[in-house]
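S.K.: Below is the file work.cif, which contains mmCIF, C-alpha atoms and all ligand atoms.
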```cif
data_run
loop_
_atom_site.group_PDB
_atom_site.id
_atom_site.type_symbol
_atom_site.label_atom_id
_atom_site.label_comp_id
_atom_site.auth_asym_id
_atom_site.auth_seq_id
_atom_site.Cartn_x
_atom_site.Cartn_y
_atom_site.Cartn_z
ATOM 1 C CA MET R 21 16.385 -25.204 -2.927
ATOM 2 C CA ALA R 22 13.335 -23.018 -3.533
ATOM 3 C CA GLU R 23 12.762 -22.205 -7.211
ATOM 4 C CA HIS R 24 13.536 -18.460 -7.027
ATOM 5 C CA GLU R 25 16.112 -18.488 -4.227
ATOM 6 C CA GLY R 26 18.558 -15.588 -4.594
ATOM 7 C CA LYS R 27 16.415 -13.786 -7.175
ATOM 8 C CA VAL R 28 14.871 -10.328 -6.978
ATOM 9 C CA ALA R 29 11.451 -9.848 -8.564
ATOM 10 C CA VAL R 30 9.220 -6.882 -9.383
ATOM 11 C CA VAL R 31 5.457 -7.418 -9.612
ATOM 12 C CA THR R 32 3.153 -4.645 -10.870
ATOM 13 C CA GLY R 33 -0.504 -4.612 -9.921
ATOM 14 C CA ALA R 34 0.674 -6.416 -6.791
ATOM 15 C CA GLY R 35 -1.956 -4.900 -4.515
ATOM 16 C CA SER R 36 -4.774 -7.201 -5.595
ATOM 17 C CA GLY R 37 -5.829 -10.335 -7.411
ATOM 18 C CA ILE R 38 -3.353 -12.116 -9.681
ATOM 19 C CA GLY R 39 -0.476 -9.736 -8.876
ATOM 20 C CA ALA R 40 -0.837 -10.078 -5.090
ATOM 21 C CA GLU R 41 -1.089 -13.862 -5.307
ATOM 22 C CA THR R 42 1.955 -14.068 -7.587
ATOM 23 C CA ALA R 43 4.041 -11.761 -5.376
ATOM 24 C CA LEU R 44 3.293 -14.049 -2.409
ATOM 25 C CA HIS R 45 4.045 -17.143 -4.489
ATOM 26 C CA LEU R 46 7.419 -15.821 -5.720
ATOM 27 C CA ALA R 47 8.369 -14.870 -2.159
ATOM 28 C CA ARG R 48 7.441 -18.352 -0.896
ATOM 29 C CA GLU R 49 9.779 -19.664 -3.618
ATOM 30 C CA GLY R 50 12.642 -17.608 -2.220
ATOM 31 C CA ALA R 51 12.549 -14.362 -4.226
ATOM 32 C CA ARG R 52 12.911 -10.951 -2.663
ATOM 33 C CA VAL R 53 9.943 -9.052 -4.044
ATOM 34 C CA CYS R 54 9.052 -5.462 -4.848
ATOM 35 C CA ALA R 55 5.258 -5.192 -4.797
ATOM 36 C CA ALA R 56 4.256 -2.195 -6.935
ATOM 37 C CA ASP R 57 0.752 -0.834 -7.388
ATOM 38 C CA LEU R 58 -1.129 2.362 -8.187
ATOM 39 C CA ASP R 59 -2.575 2.044 -4.702
ATOM 40 C CA PRO R 60 0.460 2.248 -2.384
ATOM 41 C CA ALA R 61 -1.545 0.991 0.607
ATOM 42 C CA THR R 62 -2.437 -2.294 -1.080
ATOM 43 C CA ALA R 63 1.140 -2.683 -2.356
ATOM 44 C CA ALA R 64 2.356 -2.193 1.223
ATOM 45 C CA ALA R 65 -0.201 -4.728 2.461
ATOM 46 C CA THR R 66 1.148 -7.352 0.035
ATOM 47 C CA ALA R 67 4.719 -6.603 1.138
ATOM 48 C CA ALA R 68 3.610 -6.911 4.774
ATOM 49 C CA ARG R 69 1.997 -10.306 4.078
ATOM 50 C CA ILE R 70 5.288 -11.463 2.526
ATOM 51 C CA ALA R 71 7.219 -10.291 5.567
ATOM 52 C CA THR R 72 4.753 -12.021 7.901
ATOM 53 C CA GLY R 73 5.398 -15.224 5.965
ATOM 54 C CA GLY R 74 9.145 -14.858 6.570
ATOM 55 C CA GLY R 75 10.032 -13.360 3.185
ATOM 56 C CA GLU R 76 11.720 -10.115 2.236
ATOM 57 C CA ALA R 77 9.770 -7.428 0.386
ATOM 58 C CA MET R 78 9.449 -3.745 -0.363
ATOM 59 C CA SER R 79 6.527 -1.851 -1.802
ATOM 60 C CA PHE R 80 6.305 0.967 -4.322
ATOM 61 C CA GLY R 81 3.462 3.271 -5.371
ATOM 62 C CA LEU R 82 3.510 3.187 -9.179
ATOM 63 C CA ASP R 83 1.365 4.317 -12.064
ATOM 64 C CA VAL R 84 2.617 2.009 -14.815
ATOM 65 C CA ALA R 85 1.385 4.537 -17.407
ATOM 66 C CA ASP R 86 4.073 6.976 -16.232
ATOM 67 C CA ALA R 87 7.410 6.152 -17.898
ATOM 68 C CA GLY R 88 9.378 8.201 -15.352
ATOM 69 C CA ALA R 89 7.739 6.405 -12.437
ATOM 70 C CA ASN R 90 8.839 3.068 -13.915
ATOM 71 C CA ARG R 91 12.427 4.344 -13.996
ATOM 72 C CA GLU R 92 12.122 5.422 -10.351
ATOM 73 C CA LEU R 93 10.835 1.958 -9.507
ATOM 74 C CA ALA R 94 13.898 0.378 -11.117
ATOM 75 C CA GLU R 95 16.215 2.681 -9.156
ATOM 76 C CA ALA R 96 14.431 1.963 -5.872
ATOM 77 C CA VAL R 97 14.712 -1.793 -6.403
ATOM 78 C CA ILE R 98 18.435 -1.619 -7.159
ATOM 79 C CA GLU R 99 18.989 0.639 -4.163
ATOM 80 C CA ARG R 100 17.186 -1.781 -1.849
ATOM 81 C CA PHE R 101 18.157 -5.204 -3.244
ATOM 82 C CA GLY R 102 21.238 -4.475 -5.391
ATOM 83 C CA ALA R 103 20.004 -6.326 -8.497
ATOM 84 C CA LEU R 104 16.932 -7.362 -10.457
ATOM 85 C CA HIS R 105 16.316 -10.706 -12.176
ATOM 86 C CA LEU R 106 12.574 -11.185 -12.652
ATOM 87 C CA ALA R 107 9.620 -8.974 -13.587
ATOM 88 C CA PHE R 108 5.907 -9.684 -13.724
ATOM 89 C CA LEU R 109 4.310 -6.779 -15.656
ATOM 90 C CA ASN R 110 0.753 -7.424 -14.666
ATOM 91 C CA ALA R 111 -1.091 -4.197 -13.815
ATOM 92 C CA GLY R 112 -4.163 -3.742 -15.964
ATOM 93 C CA VAL R 113 -7.687 -2.388 -16.132
ATOM 94 C CA GLY R 114 -10.806 -3.423 -18.020
ATOM 95 C CA ARG R 115 -13.381 -0.883 -19.241
ATOM 96 C CA LEU R 116 -16.404 -1.067 -21.514
ATOM 97 C CA ASN R 117 -15.563 0.705 -24.741
ATOM 98 C CA SER R 118 -16.743 0.147 -28.305
ATOM 99 C CA VAL R 119 -16.141 1.522 -31.770
ATOM 100 C CA LEU R 120 -19.583 3.104 -31.969
ATOM 101 C CA ASP R 121 -19.444 4.746 -28.537
ATOM 102 C CA GLY R 122 -16.279 6.465 -29.753
ATOM 103 C CA ASP R 123 -15.029 7.073 -26.217
ATOM 104 C CA THR R 124 -11.442 8.050 -26.973
ATOM 105 C CA GLU R 125 -10.734 9.013 -23.348
ATOM 106 C CA VAL R 126 -11.376 5.455 -22.191
ATOM 107 C CA TRP R 127 -9.380 4.132 -25.148
ATOM 108 C CA ASP R 128 -6.371 6.362 -24.340
ATOM 109 C CA ARG R 129 -6.275 5.464 -20.641
ATOM 110 C CA VAL R 130 -6.692 1.713 -21.201
ATOM 111 C CA VAL R 131 -3.944 1.764 -23.839
ATOM 112 C CA ALA R 132 -1.735 3.833 -21.516
ATOM 113 C CA ILE R 133 -2.071 1.335 -18.652
ATOM 114 C CA ASN R 134 -2.432 -2.046 -20.346
ATOM 115 C CA LEU R 135 -0.013 -1.607 -23.247
ATOM 116 C CA SER R 136 2.239 1.425 -22.758
ATOM 117 C CA GLY R 137 2.479 0.431 -19.085
ATOM 118 C CA VAL R 138 3.975 -2.932 -20.046
ATOM 119 C CA TYR R 139 6.367 -1.303 -22.520
ATOM 120 C CA TYR R 140 7.482 1.332 -19.980
ATOM 121 C CA GLY R 141 8.046 -1.454 -17.449
ATOM 122 C CA MET R 142 10.206 -3.361 -19.911
ATOM 123 C CA VAL R 143 12.167 -0.233 -20.843
ATOM 124 C CA ALA R 144 12.929 0.532 -17.198
ATOM 125 C CA LEU R 145 13.513 -2.997 -15.916
ATOM 126 C CA ALA R 146 15.050 -4.984 -18.792
ATOM 127 C CA PRO R 147 18.434 -3.155 -18.657
ATOM 128 C CA ARG R 148 18.665 -3.987 -14.935
ATOM 129 C CA ILE R 149 17.935 -7.650 -15.634
ATOM 130 C CA VAL R 150 20.561 -7.669 -18.399
ATOM 131 C CA ALA R 151 23.034 -6.039 -15.988
ATOM 132 C CA ALA R 152 22.373 -8.837 -13.476
ATOM 133 C CA GLY R 153 23.403 -11.422 -16.084
ATOM 134 C CA GLY R 154 19.928 -12.316 -17.330
ATOM 135 C CA GLY R 155 16.553 -13.449 -16.077
ATOM 136 C CA ALA R 156 12.963 -13.432 -17.221
ATOM 137 C CA MET R 157 9.908 -11.241 -17.685
ATOM 138 C CA VAL R 158 6.245 -12.189 -17.927
ATOM 139 C CA ALA R 159 3.511 -9.759 -19.022
ATOM 140 C CA THR R 160 -0.174 -10.310 -18.408
ATOM 141 C CA SER R 161 -2.219 -10.597 -21.566
ATOM 142 C CA SER R 162 -5.529 -12.473 -21.523
ATOM 143 C CA ILE R 163 -7.828 -14.645 -23.580
ATOM 144 C CA ALA R 164 -8.682 -11.139 -24.841
ATOM 145 C CA GLY R 165 -5.324 -11.309 -26.647
ATOM 146 C CA TRP R 166 -6.568 -14.299 -28.661
ATOM 147 C CA ILE R 167 -10.132 -13.440 -29.607
ATOM 148 C CA GLY R 168 -12.398 -10.407 -30.034
ATOM 149 C CA GLN R 169 -15.539 -9.295 -28.228
ATOM 150 C CA ALA R 170 -18.064 -6.523 -28.835
ATOM 151 C CA GLY R 171 -17.964 -3.713 -26.291
ATOM 152 C CA MET R 172 -14.379 -4.150 -25.076
ATOM 153 C CA ALA R 173 -12.397 -2.687 -27.984
ATOM 154 C CA SER R 174 -9.579 -1.090 -26.020
ATOM 155 C CA TYR R 175 -9.147 -3.980 -23.586
ATOM 156 C CA PHE R 176 -8.969 -6.610 -26.307
ATOM 157 C CA ALA R 177 -6.721 -4.476 -28.518
ATOM 158 C CA THR R 178 -4.251 -3.898 -25.685
ATOM 159 C CA LYS R 179 -4.145 -7.567 -24.733
ATOM 160 C CA HIS R 180 -3.358 -8.474 -28.364
ATOM 161 C CA GLY R 181 -0.710 -5.745 -28.272
ATOM 162 C CA VAL R 182 0.921 -7.213 -25.184
ATOM 163 C CA ILE R 183 1.473 -10.491 -27.047
ATOM 164 C CA GLY R 184 3.083 -8.669 -29.985
ATOM 165 C CA LEU R 185 5.289 -6.695 -27.634
ATOM 166 C CA VAL R 186 6.321 -9.834 -25.760
ATOM 167 C CA LYS R 187 7.275 -11.613 -28.987
ATOM 168 C CA SER R 188 9.382 -8.658 -30.146
ATOM 169 C CA ALA R 189 11.040 -8.244 -26.748
ATOM 170 C CA ALA R 190 11.754 -11.989 -26.562
ATOM 171 C CA SER R 191 13.490 -11.811 -29.915
ATOM 172 C CA GLU R 192 15.497 -8.730 -28.930
ATOM 173 C CA LEU R 193 16.482 -9.805 -25.430
ATOM 174 C CA ALA R 194 17.291 -13.490 -25.959
ATOM 175 C CA ARG R 195 20.950 -12.799 -26.709
ATOM 176 C CA HIS R 196 21.133 -10.857 -23.443
ATOM 177 C CA GLY R 197 19.916 -13.852 -21.446
ATOM 178 C CA VAL R 198 16.404 -12.554 -20.834
ATOM 179 C CA ARG R 199 13.348 -14.662 -21.664
ATOM 180 C CA VAL R 200 10.018 -12.888 -22.176
ATOM 181 C CA ASN R 201 6.592 -14.527 -22.180
ATOM 182 C CA ALA R 202 2.931 -13.599 -21.866
ATOM 183 C CA VAL R 203 0.428 -15.274 -19.594
ATOM 184 C CA CYS R 204 -3.129 -15.271 -20.954
ATOM 185 C CA PRO R 205 -5.677 -15.963 -18.232
ATOM 186 C CA GLY R 206 -9.319 -16.682 -18.838
ATOM 187 C CA LEU R 207 -11.686 -15.137 -16.337
ATOM 188 C CA VAL R 208 -10.191 -15.301 -12.866
ATOM 189 C CA LYS R 209 -12.017 -14.681 -9.627
ATOM 190 C CA THR R 210 -10.541 -11.278 -8.713
ATOM 191 C CA PRO R 211 -12.018 -7.824 -8.024
ATOM 192 C CA ILE R 212 -11.555 -6.879 -11.717
ATOM 193 C CA LEU R 213 -14.741 -8.869 -12.391
ATOM 194 C CA GLY R 214 -16.654 -6.262 -10.358
ATOM 195 C CA LEU R 215 -20.141 -7.262 -9.307
ATOM 196 C CA ALA R 216 -19.802 -10.652 -10.964
ATOM 197 C CA HIS R 217 -16.934 -11.583 -8.638
ATOM 198 C CA ASP R 218 -18.913 -13.469 -5.992
ATOM 199 C CA SER R 219 -21.023 -15.511 -8.373
ATOM 200 C CA ALA R 220 -18.384 -15.829 -11.116
ATOM 201 C CA ASP R 221 -18.498 -19.620 -11.245
ATOM 202 C CA GLU R 222 -22.269 -19.760 -11.660
ATOM 203 C CA LEU R 223 -22.599 -16.713 -13.919
ATOM 204 C CA LEU R 224 -19.558 -17.124 -16.126
ATOM 205 C CA GLY R 225 -18.033 -20.561 -15.510
ATOM 206 C CA GLN R 226 -20.343 -22.321 -17.948
ATOM 207 C CA GLN R 227 -18.438 -20.699 -20.845
ATOM 208 C CA TYR R 228 -15.417 -22.749 -19.788
ATOM 209 C CA ALA R 229 -14.678 -26.360 -20.640
ATOM 210 C CA LEU R 230 -13.713 -26.908 -17.002
ATOM 211 C CA GLY R 231 -17.047 -25.449 -15.878
ATOM 212 C CA ARG R 232 -15.667 -22.688 -13.657
ATOM 213 C CA VAL R 233 -13.523 -19.585 -13.776
ATOM 214 C CA GLY R 234 -9.897 -19.573 -12.629
ATOM 215 C CA ARG R 235 -8.349 -18.773 -9.268
ATOM 216 C CA PRO R 236 -5.443 -16.313 -8.804
ATOM 217 C CA ASN R 237 -3.140 -19.039 -7.481
ATOM 218 C CA GLU R 238 -3.668 -21.021 -10.703
ATOM 219 C CA ILE R 239 -2.236 -18.095 -12.679
ATOM 220 C CA ALA R 240 0.558 -17.511 -10.140
ATOM 221 C CA GLU R 241 1.737 -21.118 -10.590
ATOM 222 C CA VAL R 242 2.186 -20.637 -14.340
ATOM 223 C CA VAL R 243 3.843 -17.220 -13.972
ATOM 224 C CA SER R 244 6.281 -18.671 -11.449
ATOM 225 C CA PHE R 245 7.074 -21.484 -13.891
ATOM 226 C CA LEU R 246 7.611 -19.019 -16.760
ATOM 227 C CA LEU R 247 9.928 -16.903 -14.593
ATOM 228 C CA GLY R 248 11.947 -19.899 -13.406
ATOM 229 C CA GLU R 249 14.621 -22.191 -14.807
ATOM 230 C CA ARG R 250 12.150 -25.015 -15.434
ATOM 231 C CA SER R 251 10.972 -23.030 -18.485
ATOM 232 C CA ALA R 252 14.517 -22.341 -19.751
ATOM 233 C CA PHE R 253 13.537 -23.148 -23.379
ATOM 234 C CA VAL R 254 10.347 -21.046 -23.374
ATOM 235 C CA THR R 255 10.416 -17.529 -24.765
ATOM 236 C CA GLY R 256 8.131 -15.414 -26.961
ATOM 237 C CA ALA R 257 5.185 -17.593 -25.962
ATOM 238 C CA ALA R 258 1.615 -16.663 -25.079
ATOM 239 C CA TRP R 259 0.474 -19.151 -22.460
ATOM 240 C CA LEU R 260 -3.256 -19.683 -22.164
ATOM 241 C CA VAL R 261 -4.362 -20.463 -18.627
ATOM 242 C CA ASP R 262 -8.060 -20.413 -19.354
ATOM 243 C CA GLY R 263 -9.857 -23.610 -18.431
ATOM 244 C CA GLY R 264 -10.144 -24.437 -22.137
ATOM 245 C CA HIS R 265 -12.021 -21.267 -23.112
ATOM 246 C CA VAL R 266 -10.114 -20.536 -26.324
ATOM 247 C CA GLY R 267 -9.041 -24.048 -27.343
ATOM 248 C CA SER R 268 -12.226 -25.894 -26.376
ATOM 249 C CA PRO R 269 -15.015 -23.304 -26.487
ATOM 250 C CA GLY R 270 -18.650 -23.981 -25.707
ATOM 251 C CA GLY R 271 -18.469 -24.860 -22.041
ATOM 252 C CA PRO R 272 -18.263 -28.273 -20.417
ATOM 253 C CA GLY R 273 -18.983 -31.084 -22.879
ATOM 254 C CA SER R 274 -22.388 -32.677 -22.445
ATOM 255 C CA GLU R 275 -24.119 -35.714 -23.887
ATOM 256 C CA GLU R 276 -26.337 -33.297 -25.824
ATOM 257 C CA SER R 277 -23.350 -31.585 -27.444
ATOM 258 C CA GLU R 278 -21.811 -34.954 -28.374
ATOM 259 C CA ALA R 279 -25.142 -36.054 -29.887
ATOM 260 C CA GLY R 280 -25.097 -32.790 -31.843
ATOM 261 C CA ALA R 281 -21.618 -33.607 -33.173
ATOM 262 C CA ARG R 282 -22.778 -37.071 -34.277
ATOM 263 C CA ALA R 283 -25.785 -35.575 -36.064
ATOM 264 C CA MET R 284 -23.547 -33.042 -37.801
ATOM 265 C CA LEU R 285 -21.132 -35.782 -38.904
ATOM 266 C CA ALA R 286 -23.980 -37.867 -40.303
ATOM 267 C CA SER R 287 -24.891 -34.941 -42.526
ATOM 268 C CA PHE R 288 -21.369 -34.960 -44.020
ATOM 269 C CA SER R 289 -22.147 -38.167 -45.925
ATOM 270 C CA SER R 290 -19.848 -37.514 -48.896
ATOM 271 C CA ASN R 291 -17.052 -36.622 -46.538
ATOM 272 C CA THR R 292 -17.593 -39.835 -44.580
ATOM 273 C CA LYS R 293 -17.454 -41.907 -47.784
ATOM 274 C CA ALA R 294 -14.127 -40.292 -48.690
ATOM 275 C CA PHE R 295 -12.770 -41.099 -45.233
ATOM 276 C CA ASP R 296 -13.800 -44.751 -45.594
ATOM 277 C CA ARG R 297 -12.207 -45.186 -49.021
ATOM 278 C CA ARG R 298 -9.006 -47.159 -48.860
ATOM 279 C CA GLY R 299 -7.214 -45.887 -51.964
ATOM 280 C CA GLY R 300 -6.210 -47.848 -55.060
ATOM 281 C CA PRO R 301 -8.162 -47.788 -58.326
ATOM 282 C CA GLN R 302 -11.859 -46.878 -57.797
HETATM 283 N N1 LIG R 401 -9.348 -11.389 -13.480
HETATM 284 C C1 LIG R 401 -9.527 -11.721 -14.721
HETATM 285 O O1 LIG R 401 -10.567 -12.303 -15.104
HETATM 286 C C2 LIG R 401 -8.441 -11.498 -15.734
HETATM 287 C C3 LIG R 401 -8.450 -12.243 -16.918
HETATM 288 C C4 LIG R 401 -7.458 -12.035 -17.867
HETATM 289 C C5 LIG R 401 -6.472 -11.093 -17.642
HETATM 290 N N2 LIG R 401 -6.506 -10.373 -16.489
HETATM 291 C C6 LIG R 401 -5.449 -9.388 -16.311
HETATM 292 O O2 LIG R 401 -4.754 -9.697 -15.122
HETATM 293 C C7 LIG R 401 -4.150 -8.520 -14.606
HETATM 294 C C8 LIG R 401 -4.454 -8.406 -13.135
HETATM 295 O O3 LIG R 401 -5.847 -8.295 -12.983
HETATM 296 P P1 LIG R 401 -6.625 -8.808 -11.684
HETATM 297 O O4 LIG R 401 -7.710 -9.676 -12.163
HETATM 298 O O5 LIG R 401 -5.679 -9.310 -10.664
HETATM 299 O O6 LIG R 401 -7.305 -7.428 -11.267
HETATM 300 P P2 LIG R 401 -7.328 -6.622 -9.899
HETATM 301 O O7 LIG R 401 -8.228 -5.476 -10.167
HETATM 302 O O8 LIG R 401 -7.614 -7.531 -8.770
HETATM 303 O O9 LIG R 401 -5.814 -6.115 -9.756
HETATM 304 C C9 LIG R 401 -5.275 -5.165 -10.634
HETATM 305 C C10 LIG R 401 -4.278 -4.321 -9.855
HETATM 306 O O10 LIG R 401 -3.667 -3.428 -10.772
HETATM 307 C C11 LIG R 401 -3.564 -2.158 -10.149
HETATM 308 N N3 LIG R 401 -3.500 -1.099 -11.154
HETATM 309 C C12 LIG R 401 -4.498 -0.617 -11.933
HETATM 310 N N4 LIG R 401 -4.052 0.396 -12.678
HETATM 311 C C13 LIG R 401 -2.746 0.553 -12.373
HETATM 312 C C14 LIG R 401 -1.743 1.454 -12.804
HETATM 313 N N5 LIG R 401 -2.029 2.417 -13.690
HETATM 314 N N6 LIG R 401 -0.505 1.328 -12.290
HETATM 315 C C15 LIG R 401 -0.231 0.380 -11.378
HETATM 316 N N7 LIG R 401 -1.140 -0.487 -10.905
HETATM 317 C C16 LIG R 401 -2.389 -0.401 -11.408
HETATM 318 C C17 LIG R 401 -4.825 -2.037 -9.304
HETATM 319 O O11 LIG R 401 -4.680 -1.066 -8.288
HETATM 320 C C18 LIG R 401 -4.972 -3.465 -8.776
HETATM 321 O O12 LIG R 401 -4.301 -3.629 -7.544
HETATM 322 C C19 LIG R 401 -4.676 -7.383 -15.475
HETATM 323 O O13 LIG R 401 -3.713 -7.052 -16.455
HETATM 324 C C20 LIG R 401 -5.902 -7.967 -16.136
HETATM 325 O O14 LIG R 401 -6.209 -7.339 -17.357
HETATM 326 C C21 LIG R 401 -7.448 -10.557 -15.538
#
```
Could you write out this structure as C-alpha cells?
Ligand SMILES: NC(=O)c1ccc[n+]([C@@H]2O[C@H](COP(=O)([O-])OP(=O)(O)OC[C@H]3O[C@@H](n4cnc5c(N)ncnc54)[C@H](O)[C@@H]3O)[C@@H](O)[C@H]2O)c1
M.R.:
Amino acid sequence: MAEHEGKVAVVTGAGSGIGAETALHLAREGARVCAADLDPATAAATAARIATGGGEAMSFGLDVADAGANRELAEAVIERFGALHLAFLNAGVGRLNSVLDGDTEVWDRVVAINLSGVYYGMVALAPRIVAAGGGAMVATSSIAGWIGQAGMASYFATKHGVIGLVKSAASELARHGVRVNAVCPGLVKTPILGLAHDSADELLGQQYALGRVGRPNEIAEVVSFLLGERSAFVTGAAWLVDGGHVGSPGGPGSEESEAGARAMLASFSSNTKAFDRRGGPQ
C-alpha cells in the first residue's frame, strides 16, 4: 500500500518549488491533497498536475498571514474531503533586511508570513487533525533556523521561531495523536533563489559538503517521511536536509583542508602529549 493511502493532506506554498514537489509526492503516495498558495493559479496548476497523474486534489487561494483565510481553508478541505490528517506548512518568503537598515515594514511582513503564517495554519488545521483521530504536521524552517547571517534578520529570526513553535506544538499535541516536526533545508534550487537559481550549484554549492545545493524532491522525500508512519517516534524535531552545510561547514573536503587540519593538530603539541599519555603515576 502507498505510504499515505487514505490520508488527506494540506500543503501551503504549493504553487512552486518545495511545496509543489511535496504536494505531487504526497499524491503519488496516495494522499488526497489540497494545494494552497497565495497565487491561486499556481495552486490550481499543482492540483491539475496531481489529477493528470491519477491523483485527487483541490486548490485554494490562501494568504497564510491571514488567520481567517486559514480557517476558511480548513472548512473547504473538510467540505471537499471530509477529514484532514496531514499538513505541510511551507509557504515562506525571503527578503534582505538588517538591523541597521531598520526596515520594519519588511520585518513585519516576513514575520507575518513565515512565522505567524505557520501558527495560523496550525491553529486552523490542528483541531481538524485531532478530530480525525490524529496525524502529523511539518513546518518549513531552514538552515536559517540554526545559524545567523548578516542582512537577513527577519528571515533568520522567523526560521528560528518556526523551530520553537514546532517544539511547543509537538509537546502540546502529542497526547492528541499529532506529531509535529520542522524540516530545515539548505539552499534548494527553487525560484526563491531569484537570479541565482540557474547557476545555484556553481555559485552557491561550494558552501556545501556535498558540493551542490539541494533539489525540491530531496526535501519532499524527507517531508513525506516525517508525515508518515515510518517516523512514528519522531516529534518536536528539526530535521536538517542541507548537504552538510550546518554540521560539516566549509564546503567539500579537499586535500588542502585536510593538510590544514594536520598542521593545526601539530601546533597543539601539549594536547597531543596528553592524548598519548596512558595514565598511571607520571
Ligand atoms: N529554496 C531554498 O533555498 C530554501 C531553503 C530553506 C528553506 N526554504 C523555505 O522553503 C519554503 C518554500 O520555499 P521555495 O524555495 O519552494 O520557494 P518558492 O518561491 O519556489 O515557493 C514559495 C511559495 O510560497 C508562496 N507564498 C508566498 N507567500 C505566501 C503567502 N503569504 N501565503 C501563501 N503562499 C505564499 C509563493 O506564492 C510560492 O508559490 C519557504 O518557507 C522557504 O523559506 C527554502
S.K.: Select from chain R every residue with an atom at most 7 Å from any atom of ligand LIG 401 (chain R), then for each give the shortest pair of atoms and their distance in Å to one decimal, using only C-alpha atoms and all ligand atoms, rows by chain and rising number, as JSON lines.
M.R.:
```
{"residue": "R:Thr32", "atom": "CA", "partner": "R:LIG401", "partner_atom": "N7", "distance": 6.0}
{"residue": "R:Gly33", "atom": "CA", "partner": "R:LIG401", "partner_atom": "O10", "distance": 3.5}
{"residue": "R:Ala34", "atom": "CA", "partner": "R:LIG401", "partner_atom": "O12", "distance": 5.8}
{"residue": "R:Gly35", "atom": "CA", "partner": "R:LIG401", "partner_atom": "O12", "distance": 4.0}
{"residue": "R:Ser36", "atom": "CA", "partner": "R:LIG401", "partner_atom": "O12", "distance": 4.1}
{"residue": "R:Gly37", "atom": "CA", "partner": "R:LIG401", "partner_atom": "O5", "distance": 3.4}
{"residue": "R:Ile38", "atom": "CA", "partner": "R:LIG401", "partner_atom": "O5", "distance": 3.8}
{"residue": "R:Gly39", "atom": "CA", "partner": "R:LIG401", "partner_atom": "O5", "distance": 5.5}
{"residue": "R:Ala56", "atom": "CA", "partner": "R:LIG401", "partner_atom": "C15", "distance": 6.8}
{"residue": "R:Asp57", "atom": "CA", "partner": "R:LIG401", "partner_atom": "N7", "distance": 4.0}
{"residue": "R:Leu58", "atom": "CA", "partner": "R:LIG401", "partner_atom": "C15", "distance": 3.9}
{"residue": "R:Asp59", "atom": "CA", "partner": "R:LIG401", "partner_atom": "O11", "distance": 5.2}
{"residue": "R:Thr62", "atom": "CA", "partner": "R:LIG401", "partner_atom": "O12", "distance": 6.9}
{"residue": "R:Leu82", "atom": "CA", "partner": "R:LIG401", "partner_atom": "C15", "distance": 5.2}
{"residue": "R:Asp83", "atom": "CA", "partner": "R:LIG401", "partner_atom": "N6", "distance": 3.5}
{"residue": "R:Val84", "atom": "CA", "partner": "R:LIG401", "partner_atom": "N6", "distance": 4.1}
{"residue": "R:Ala85", "atom": "CA", "partner": "R:LIG401", "partner_atom": "N5", "distance": 5.5}
{"residue": "R:Asn110", "atom": "CA", "partner": "R:LIG401", "partner_atom": "O13", "distance": 4.8}
{"residue": "R:Ala111", "atom": "CA", "partner": "R:LIG401", "partner_atom": "O10", "distance": 4.1}
{"residue": "R:Gly112", "atom": "CA", "partner": "R:LIG401", "partner_atom": "O13", "distance": 3.4}
{"residue": "R:Val113", "atom": "CA", "partner": "R:LIG401", "partner_atom": "O14", "distance": 5.3}
{"residue": "R:Gly114", "atom": "CA", "partner": "R:LIG401", "partner_atom": "O14", "distance": 6.1}
{"residue": "R:Ile133", "atom": "CA", "partner": "R:LIG401", "partner_atom": "N5", "distance": 5.1}
{"residue": "R:Asn134", "atom": "CA", "partner": "R:LIG401", "partner_atom": "O13", "distance": 6.5}
{"residue": "R:Thr160", "atom": "CA", "partner": "R:LIG401", "partner_atom": "O13", "distance": 5.2}
{"residue": "R:Ser161", "atom": "CA", "partner": "R:LIG401", "partner_atom": "C5", "distance": 5.8}
{"residue": "R:Ser162", "atom": "CA", "partner": "R:LIG401", "partner_atom": "C4", "distance": 4.2}
{"residue": "R:Ile163", "atom": "CA", "partner": "R:LIG401", "partner_atom": "C4", "distance": 6.3}
{"residue": "R:Cys204", "atom": "CA", "partner": "R:LIG401", "partner_atom": "C4", "distance": 6.2}
{"residue": "R:Pro205", "atom": "CA", "partner": "R:LIG401", "partner_atom": "C4", "distance": 4.3}
{"residue": "R:Gly206", "atom": "CA", "partner": "R:LIG401", "partner_atom": "C3", "distance": 4.9}
{"residue": "R:Leu207", "atom": "CA", "partner": "R:LIG401", "partner_atom": "O1", "distance": 3.3}
{"residue": "R:Val208", "atom": "CA", "partner": "R:LIG401", "partner_atom": "O1", "distance": 3.8}
{"residue": "R:Lys209", "atom": "CA", "partner": "R:LIG401", "partner_atom": "N1", "distance": 5.7}
{"residue": "R:Thr210", "atom": "CA", "partner": "R:LIG401", "partner_atom": "O4", "distance": 4.7}
{"residue": "R:Pro211", "atom": "CA", "partner": "R:LIG401", "partner_atom": "O8", "distance": 4.5}
{"residue": "R:Ile212", "atom": "CA", "partner": "R:LIG401", "partner_atom": "O7", "distance": 3.9}
{"residue": "R:Leu213", "atom": "CA", "partner": "R:LIG401", "partner_atom": "O1", "distance": 6.0}
```
S.K.: Go through R:Val266, R:Ala22, R:Asn237, R:Trp259 and flag the residue nearest Gly168 in chain R, using only C-alpha atoms for the distances.
M.R.: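 Closest to Gly168 in chain R of all the choices is R:Val266.
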S.K.: For the atom pair CA of Met78 in chain R and CA of Val97 in chain R, what is the interatomic distance in Å to one decimal place?
M.R.: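 Separating CA of Met78 in chain R from CA of Val97 in chain R is a distance of 8.2 Å.
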S.K.: The residues within 12 Å of (13.7, -12.9, -1.9), using all atoms listed in the file and the coordinates of the file, should be reported as a ChimeraX atom specification; which are they?
M.R.: /R:22-30,43-55,67,70-71,73-78,100-106
S.K.: With all atoms listed in the file as the basis for distance, which of R:Gly155, R:Gly181, R:Gly225, R:Gly171 is at the shortest distance from Arg195 in chain R?
M.R.: R:Gly155
S.K.: Here is a test: counting all atoms listed in the file, which residue of R:Val203, R:Leu185, R:Val254, R:Ala286 is nearest to Ala240 in chain R?
M.R.: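 Between R:Val203, R:Leu185, R:Val254, R:Ala286, the residue approaching Ala240 in chain R most closely is R:Val203.
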S.K.: Taking all atoms listed in the file into account, name the residue in R:Ala194, R:Val130, R:Ala144, R:Val243 that is nearest to Ala96 in chain R.
M.R.: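 That would be R:Ala144, the residue with the smallest distance to Ala96 in chain R.
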